[in-house]
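Shown here: work_12.cif, mmCIF, N, CA and C atoms.
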data_start
loop_
_atom_site.label_atom_id
_atom_site.label_comp_id
_atom_site.auth_asym_id
_atom_site.auth_seq_id
_atom_site.Cartn_x
_atom_site.Cartn_y
_atom_site.Cartn_z
N MET A 1 161.27 70.12 113.64
CA MET A 1 162.07 69.26 114.46
C MET A 1 161.71 67.81 114.12
N LYS A 2 162.66 67.03 113.79
CA LYS A 2 162.45 65.63 113.43
C LYS A 2 162.61 64.76 114.67
N THR A 3 161.70 63.85 114.85
CA THR A 3 161.78 62.86 115.91
C THR A 3 161.56 61.50 115.28
N GLN A 4 161.59 60.49 116.09
CA GLN A 4 161.36 59.15 115.56
C GLN A 4 159.91 58.98 115.08
N TYR A 5 159.03 59.92 115.51
CA TYR A 5 157.62 59.86 115.12
C TYR A 5 157.31 60.77 113.94
N GLY A 6 158.26 61.47 113.42
CA GLY A 6 158.04 62.35 112.28
C GLY A 6 158.28 63.80 112.64
N ASP A 7 157.81 64.69 111.77
CA ASP A 7 157.99 66.13 111.94
C ASP A 7 156.97 66.66 112.95
N ILE A 8 157.47 67.15 114.07
CA ILE A 8 156.59 67.62 115.15
C ILE A 8 156.35 69.13 115.08
N SER A 9 157.07 69.87 114.24
CA SER A 9 156.94 71.32 114.18
C SER A 9 155.56 71.75 113.66
N ILE A 10 154.86 70.93 112.92
CA ILE A 10 153.54 71.27 112.40
C ILE A 10 152.46 71.07 113.47
N PHE A 11 152.76 70.30 114.48
CA PHE A 11 151.80 69.95 115.53
C PHE A 11 151.31 71.17 116.30
N TRP A 12 152.20 72.03 116.76
CA TRP A 12 151.84 73.17 117.61
C TRP A 12 150.94 74.19 116.91
N PRO A 13 151.20 74.58 115.67
CA PRO A 13 150.26 75.52 115.01
C PRO A 13 148.87 74.91 114.81
N ILE A 14 148.81 73.61 114.51
CA ILE A 14 147.51 72.96 114.33
C ILE A 14 146.76 72.92 115.65
N LEU A 15 147.45 72.55 116.72
CA LEU A 15 146.82 72.51 118.04
C LEU A 15 146.33 73.89 118.45
N PHE A 16 147.15 74.91 118.25
CA PHE A 16 146.75 76.28 118.58
C PHE A 16 145.52 76.69 117.76
N GLY A 17 145.51 76.34 116.48
CA GLY A 17 144.36 76.67 115.62
C GLY A 17 143.09 75.99 116.07
N LEU A 18 143.17 74.74 116.49
CA LEU A 18 141.99 74.02 116.97
C LEU A 18 141.46 74.63 118.27
N ILE A 19 142.35 74.98 119.17
CA ILE A 19 141.93 75.60 120.43
C ILE A 19 141.30 76.96 120.17
N LEU A 20 141.89 77.74 119.30
CA LEU A 20 141.34 79.06 118.95
C LEU A 20 139.96 78.91 118.29
N ALA A 21 139.82 77.94 117.39
CA ALA A 21 138.53 77.73 116.72
C ALA A 21 137.46 77.32 117.73
N ALA A 22 137.79 76.46 118.68
CA ALA A 22 136.83 76.03 119.70
C ALA A 22 136.42 77.22 120.57
N PHE A 23 137.37 78.06 120.94
CA PHE A 23 137.09 79.23 121.76
C PHE A 23 136.18 80.21 121.01
N LEU A 24 136.45 80.45 119.73
CA LEU A 24 135.62 81.35 118.93
C LEU A 24 134.21 80.80 118.75
N LEU A 25 134.10 79.50 118.55
CA LEU A 25 132.79 78.87 118.40
C LEU A 25 131.98 79.03 119.69
N LEU A 26 132.62 78.86 120.84
CA LEU A 26 131.95 79.03 122.12
C LEU A 26 131.44 80.46 122.28
N ILE A 27 132.24 81.43 121.91
CA ILE A 27 131.83 82.84 122.00
C ILE A 27 130.65 83.11 121.06
N ILE A 28 130.69 82.58 119.85
CA ILE A 28 129.61 82.78 118.89
C ILE A 28 128.31 82.18 119.40
N VAL A 29 128.37 80.98 119.97
CA VAL A 29 127.16 80.33 120.50
C VAL A 29 126.58 81.14 121.65
N LYS A 30 127.42 81.62 122.54
CA LYS A 30 126.94 82.44 123.67
C LYS A 30 126.31 83.74 123.19
N LEU A 31 126.95 84.42 122.22
CA LEU A 31 126.40 85.66 121.70
C LEU A 31 125.08 85.44 120.98
N LYS A 32 124.96 84.33 120.25
CA LYS A 32 123.71 84.02 119.57
C LYS A 32 122.58 83.80 120.57
N ARG A 33 122.87 83.11 121.68
CA ARG A 33 121.85 82.90 122.71
C ARG A 33 121.41 84.23 123.31
N LEU A 34 122.37 85.11 123.60
CA LEU A 34 122.02 86.44 124.13
C LEU A 34 121.16 87.22 123.15
N TYR A 35 121.53 87.17 121.87
CA TYR A 35 120.79 87.88 120.83
C TYR A 35 119.38 87.32 120.69
N ASP A 36 119.24 85.99 120.70
CA ASP A 36 117.92 85.37 120.59
C ASP A 36 117.05 85.74 121.77
N ASN A 37 117.61 85.74 122.99
CA ASN A 37 116.84 86.13 124.17
C ASN A 37 116.44 87.60 124.10
N PHE A 38 117.33 88.44 123.59
CA PHE A 38 117.04 89.86 123.47
C PHE A 38 115.88 90.11 122.51
N ARG A 39 115.85 89.39 121.40
CA ARG A 39 114.82 89.59 120.36
C ARG A 39 113.49 88.92 120.68
N ALA A 40 113.49 87.95 121.58
CA ALA A 40 112.28 87.20 121.89
C ALA A 40 111.26 88.09 122.59
N PRO A 41 109.97 87.81 122.37
CA PRO A 41 108.95 88.59 123.07
C PRO A 41 108.87 88.19 124.54
N LYS A 42 108.44 89.11 125.36
CA LYS A 42 108.23 88.83 126.78
C LYS A 42 106.89 88.11 126.89
N ILE A 43 106.89 86.95 127.54
CA ILE A 43 105.68 86.13 127.65
C ILE A 43 105.32 85.97 129.12
N SER A 44 104.04 86.13 129.42
CA SER A 44 103.53 85.97 130.77
C SER A 44 102.47 84.88 130.75
N VAL A 45 102.67 83.82 131.55
CA VAL A 45 101.74 82.69 131.58
C VAL A 45 101.52 82.25 133.01
N TYR A 46 100.39 81.56 133.22
CA TYR A 46 100.12 80.93 134.49
C TYR A 46 100.90 79.62 134.51
N ALA A 47 101.63 79.34 135.60
CA ALA A 47 102.48 78.15 135.64
C ALA A 47 102.52 77.56 137.04
N ARG A 48 102.91 76.30 137.09
CA ARG A 48 103.11 75.59 138.36
C ARG A 48 104.54 75.09 138.38
N LEU A 49 105.23 75.32 139.50
CA LEU A 49 106.61 74.86 139.66
C LEU A 49 106.59 73.36 139.94
N LEU A 50 107.03 72.59 138.94
CA LEU A 50 107.01 71.12 139.06
C LEU A 50 108.20 70.58 139.82
N ASP A 51 109.38 71.14 139.56
CA ASP A 51 110.59 70.57 140.15
C ASP A 51 111.68 71.63 140.23
N LYS A 52 112.58 71.41 141.18
CA LYS A 52 113.77 72.24 141.34
C LYS A 52 114.98 71.32 141.28
N HIS A 53 116.03 71.76 140.58
CA HIS A 53 117.24 70.96 140.48
C HIS A 53 118.44 71.77 140.95
N GLU A 54 119.31 71.13 141.69
CA GLU A 54 120.59 71.71 142.08
C GLU A 54 121.66 70.76 141.55
N ASN A 55 122.45 71.24 140.59
CA ASN A 55 123.49 70.41 139.98
C ASN A 55 124.87 70.88 140.41
N SER A 56 125.69 69.94 140.88
CA SER A 56 127.05 70.25 141.31
C SER A 56 128.04 69.53 140.42
N ALA A 57 129.15 70.22 140.13
CA ALA A 57 130.22 69.61 139.34
C ALA A 57 131.55 70.14 139.85
N PRO A 58 132.58 69.28 139.87
CA PRO A 58 133.90 69.76 140.31
C PRO A 58 134.49 70.73 139.30
N ILE A 59 135.28 71.67 139.80
CA ILE A 59 135.98 72.62 138.94
C ILE A 59 137.33 72.02 138.59
N HIS A 60 137.64 71.96 137.29
CA HIS A 60 138.92 71.43 136.83
C HIS A 60 139.84 72.59 136.48
N GLN A 61 141.04 72.56 137.03
CA GLN A 61 142.01 73.62 136.77
C GLN A 61 143.28 72.97 136.26
N GLY A 62 143.58 73.19 134.99
CA GLY A 62 144.80 72.64 134.40
C GLY A 62 144.81 71.11 134.40
N GLY A 63 143.63 70.51 134.20
CA GLY A 63 143.55 69.07 134.15
C GLY A 63 143.52 68.41 135.51
N ILE A 64 143.58 69.21 136.58
CA ILE A 64 143.57 68.68 137.93
C ILE A 64 142.23 69.02 138.57
N SER A 65 141.55 68.03 139.11
CA SER A 65 140.28 68.26 139.79
C SER A 65 140.56 68.83 141.18
N SER A 66 139.92 69.93 141.51
CA SER A 66 140.16 70.57 142.80
C SER A 66 139.01 70.25 143.76
N GLN A 67 139.11 70.75 144.97
CA GLN A 67 138.08 70.56 145.98
C GLN A 67 136.87 71.47 145.70
N SER A 68 137.01 72.47 144.85
CA SER A 68 135.95 73.42 144.58
C SER A 68 134.87 72.80 143.69
N MET A 69 133.66 73.27 143.91
CA MET A 69 132.52 72.79 143.12
C MET A 69 131.81 73.98 142.51
N THR A 70 131.26 73.78 141.33
CA THR A 70 130.39 74.78 140.73
C THR A 70 128.97 74.25 140.84
N VAL A 71 128.05 75.11 141.21
CA VAL A 71 126.67 74.70 141.45
C VAL A 71 125.76 75.53 140.55
N SER A 72 124.81 74.86 139.90
CA SER A 72 123.80 75.56 139.11
C SER A 72 122.42 75.14 139.59
N PHE A 73 121.48 76.05 139.45
CA PHE A 73 120.12 75.83 139.94
C PHE A 73 119.15 75.99 138.78
N SER A 74 118.10 75.17 138.75
CA SER A 74 117.11 75.30 137.69
C SER A 74 115.72 74.94 138.19
N PHE A 75 114.73 75.50 137.52
CA PHE A 75 113.31 75.25 137.78
C PHE A 75 112.70 74.59 136.56
N ILE A 76 111.74 73.71 136.80
CA ILE A 76 110.93 73.15 135.72
C ILE A 76 109.48 73.54 136.01
N PHE A 77 108.87 74.23 135.05
CA PHE A 77 107.50 74.71 135.18
C PHE A 77 106.58 73.95 134.25
N GLU A 78 105.32 73.81 134.67
CA GLU A 78 104.27 73.26 133.82
C GLU A 78 103.34 74.40 133.45
N THR A 79 103.11 74.57 132.16
CA THR A 79 102.18 75.59 131.67
C THR A 79 101.14 74.89 130.79
N ASP A 80 100.17 75.66 130.30
CA ASP A 80 99.16 75.10 129.40
C ASP A 80 99.79 74.60 128.10
N SER A 81 100.90 75.21 127.69
CA SER A 81 101.53 74.84 126.42
C SER A 81 102.65 73.81 126.59
N GLY A 82 102.90 73.33 127.80
CA GLY A 82 103.94 72.33 128.01
C GLY A 82 104.85 72.67 129.17
N MET A 83 106.00 72.04 129.18
CA MET A 83 106.95 72.24 130.26
C MET A 83 108.08 73.17 129.81
N LEU A 84 108.55 73.99 130.77
CA LEU A 84 109.65 74.92 130.51
C LEU A 84 110.69 74.76 131.61
N GLU A 85 111.96 74.85 131.24
CA GLU A 85 113.05 74.77 132.22
C GLU A 85 113.91 76.02 132.10
N PHE A 86 114.25 76.58 133.27
CA PHE A 86 115.06 77.79 133.31
C PHE A 86 116.14 77.66 134.37
N LYS A 87 117.32 78.18 134.09
CA LYS A 87 118.35 78.30 135.11
C LYS A 87 118.04 79.55 135.92
N VAL A 88 118.25 79.45 137.23
CA VAL A 88 117.95 80.57 138.12
C VAL A 88 119.12 80.79 139.08
N ASN A 89 119.13 81.95 139.71
CA ASN A 89 120.20 82.22 140.68
C ASN A 89 119.82 81.62 142.04
N PRO A 90 120.77 81.49 142.95
CA PRO A 90 120.50 80.84 144.25
C PRO A 90 119.41 81.51 145.08
N GLN A 91 119.30 82.84 145.01
CA GLN A 91 118.28 83.53 145.79
C GLN A 91 116.87 83.18 145.31
N VAL A 92 116.68 83.15 144.00
CA VAL A 92 115.37 82.78 143.44
C VAL A 92 115.07 81.32 143.76
N TYR A 93 116.08 80.48 143.66
CA TYR A 93 115.92 79.05 143.94
C TYR A 93 115.43 78.84 145.37
N ALA A 94 116.00 79.55 146.31
CA ALA A 94 115.64 79.39 147.72
C ALA A 94 114.27 79.99 148.05
N ALA A 95 113.82 80.94 147.25
CA ALA A 95 112.58 81.65 147.55
C ALA A 95 111.32 80.90 147.14
N HIS A 96 111.44 79.83 146.37
CA HIS A 96 110.27 79.13 145.86
C HIS A 96 110.30 77.65 146.20
N ALA A 97 109.10 77.08 146.34
CA ALA A 97 108.97 75.66 146.68
C ALA A 97 108.23 74.94 145.56
N VAL A 98 108.52 73.65 145.42
CA VAL A 98 107.84 72.82 144.44
C VAL A 98 106.35 72.83 144.75
N GLY A 99 105.54 72.96 143.70
CA GLY A 99 104.09 72.98 143.85
C GLY A 99 103.48 74.37 143.82
N GLU A 100 104.30 75.40 143.95
CA GLU A 100 103.78 76.77 143.91
C GLU A 100 103.19 77.07 142.54
N GLU A 101 102.15 77.86 142.53
CA GLU A 101 101.51 78.30 141.30
C GLU A 101 101.51 79.81 141.24
N GLY A 102 101.64 80.34 140.03
CA GLY A 102 101.65 81.77 139.90
C GLY A 102 101.90 82.22 138.47
N ARG A 103 102.26 83.48 138.35
CA ARG A 103 102.49 84.10 137.04
C ARG A 103 103.98 84.02 136.72
N LEU A 104 104.31 83.33 135.63
CA LEU A 104 105.68 83.19 135.15
C LEU A 104 105.88 84.15 133.99
N VAL A 105 106.91 84.97 134.08
CA VAL A 105 107.26 85.88 132.99
C VAL A 105 108.65 85.49 132.51
N TYR A 106 108.75 85.24 131.19
CA TYR A 106 110.03 84.86 130.62
C TYR A 106 110.22 85.47 129.24
N LYS A 107 111.45 85.49 128.82
CA LYS A 107 111.80 86.06 127.52
C LYS A 107 112.84 85.15 126.90
N GLY A 108 112.47 84.45 125.83
CA GLY A 108 113.37 83.49 125.22
C GLY A 108 113.59 82.32 126.16
N LYS A 109 114.83 82.08 126.51
CA LYS A 109 115.17 80.99 127.43
C LYS A 109 115.57 81.52 128.80
N LYS A 110 115.15 82.74 129.10
CA LYS A 110 115.50 83.36 130.37
C LYS A 110 114.24 83.67 131.17
N MET A 111 114.21 83.17 132.41
CA MET A 111 113.09 83.47 133.31
C MET A 111 113.31 84.86 133.89
N LEU A 112 112.29 85.71 133.80
CA LEU A 112 112.39 87.05 134.35
C LEU A 112 111.84 87.09 135.77
N THR A 113 110.60 86.60 135.97
CA THR A 113 110.01 86.57 137.31
C THR A 113 109.04 85.40 137.43
N PHE A 114 108.82 85.01 138.67
CA PHE A 114 107.76 84.06 139.01
C PHE A 114 107.13 84.57 140.29
N GLU A 115 105.87 85.00 140.18
CA GLU A 115 105.17 85.59 141.32
C GLU A 115 103.98 84.72 141.70
N ARG A 116 103.90 84.41 143.00
CA ARG A 116 102.79 83.59 143.50
C ARG A 116 101.52 84.38 143.51
#
Final structure tokens representation of the file:
Amino acid sequence: MKTQYGDISIFWPILFGLILAAFLLLIIVKLKRLYDNFRAPKISVYARLLDKHENSAPIHQGGISSQSMTVSFSFIFETDSGMLEFKVNPQVYAAHAVGEEGRLVYKGKKMLTFER
């Protein structure tokens, strides 16, 4: 289709291809993270809970910002080998307080347990 701006018929296949490529890349990155966590050894260390974070962001639907929010929770631990950060579910987040010390068990980038 010719317009005053040129041939627009090539635009839609290119746009579709870019969206498809971005979607496939996202899936590949997520699968690689799952695979890396699966292959990682289970590590148990003594740790102290340094900080807790609750991050909120609006949910966008079709380019329109809605009243809904998405919330993620994370812990930052101090160990002998340095600091570690893990995303956690709301129940785990509520069950622990900053300053607690205990045994942290994790595998890759996933926290399995933290026991006082």
- prompt: Where does DSSP see alpha helix (DSSP H) in stretch 4-88 of chain A, if you list the residues as number ranges by chain?
  reply: A: 11-39
Enclose stretch 96-103 of chain A, meaning all of its atoms listed in the file, in a box aligned along x, y and z, pad it by 4 Å on each side, and list the centre and edge lengths in Å to one decimal, as lines of an AutoDock Vina configuration file.
center_x = 106.5
center_y = 78.5
center_z = 141.7
size_x = 17.9
size_y = 19.3
size_z = 18.0
query: What is the distance, in Å and to one decimal place, between atom N of A:Tyr93 and atom CA of A:Val29?
result: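 Here the two named atoms are 25.7 Å from each other.
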- prompt: Residues around (102.4, 83.7, 132.7), cut-off 6 Å, counting only C-alpha atoms - what are they as a ChimeraX atom specification?
  reply: /A:44-46,103-105
Write out as a CSV table (one decimal) with N, CA and C atoms, in the coordinates of the input the residues lying within 7 Å of A:Glu85, counting only N, CA and C atoms and excluding same-chain residues fewer than 4 positions away.
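Contents of around32.csv, as written:
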chain,number,residue,atom,x,y,z
A,74,SER,N,118.1,75.2,138.8
A,74,SER,CA,117.1,75.3,137.7
A,74,SER,C,115.7,74.9,138.2
A,75,PHE,N,114.7,75.5,137.5
A,75,PHE,CA,113.3,75.2,137.8
A,75,PHE,C,112.7,74.6,136.6
A,76,ILE,N,111.7,73.7,136.8
A,76,ILE,CA,110.9,73.2,135.7
A,76,ILE,C,109.5,73.5,136.0
A,77,PHE,N,108.9,74.2,135.0
A,77,PHE,CA,107.5,74.7,135.2
A,77,PHE,C,106.6,74.0,134.2
A,109,LYS,N,114.8,82.1,126.5
A,109,LYS,CA,115.2,81.0,127.4
A,109,LYS,C,115.6,81.5,128.8
query: Which value, in Å to one decimal, gives the distance between atom CA of A:His96 and atom C of A:Val71?
result: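 According to the coordinates, atom CA of A:His96 and atom C of A:Val71 are separated by 16.8 Å.
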task: Measure the distance from atom C of A:Glu115 to atom CA of A:Ala97 in Å and round it to one decimal.
output: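 Straight-line distance from atom C of A:Glu115 to atom CA of A:Ala97 works out to 11.5 Å.
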Of the listed residues A:Ile27, A:Met83, A:Val92, A:Ala21, that which approaches A:Leu50 most closely, counting only C-alpha atoms: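 Ranking A:Ile27, A:Met83, A:Val92, A:Ala21 by distance to A:Leu50, first place goes to A:Met83.
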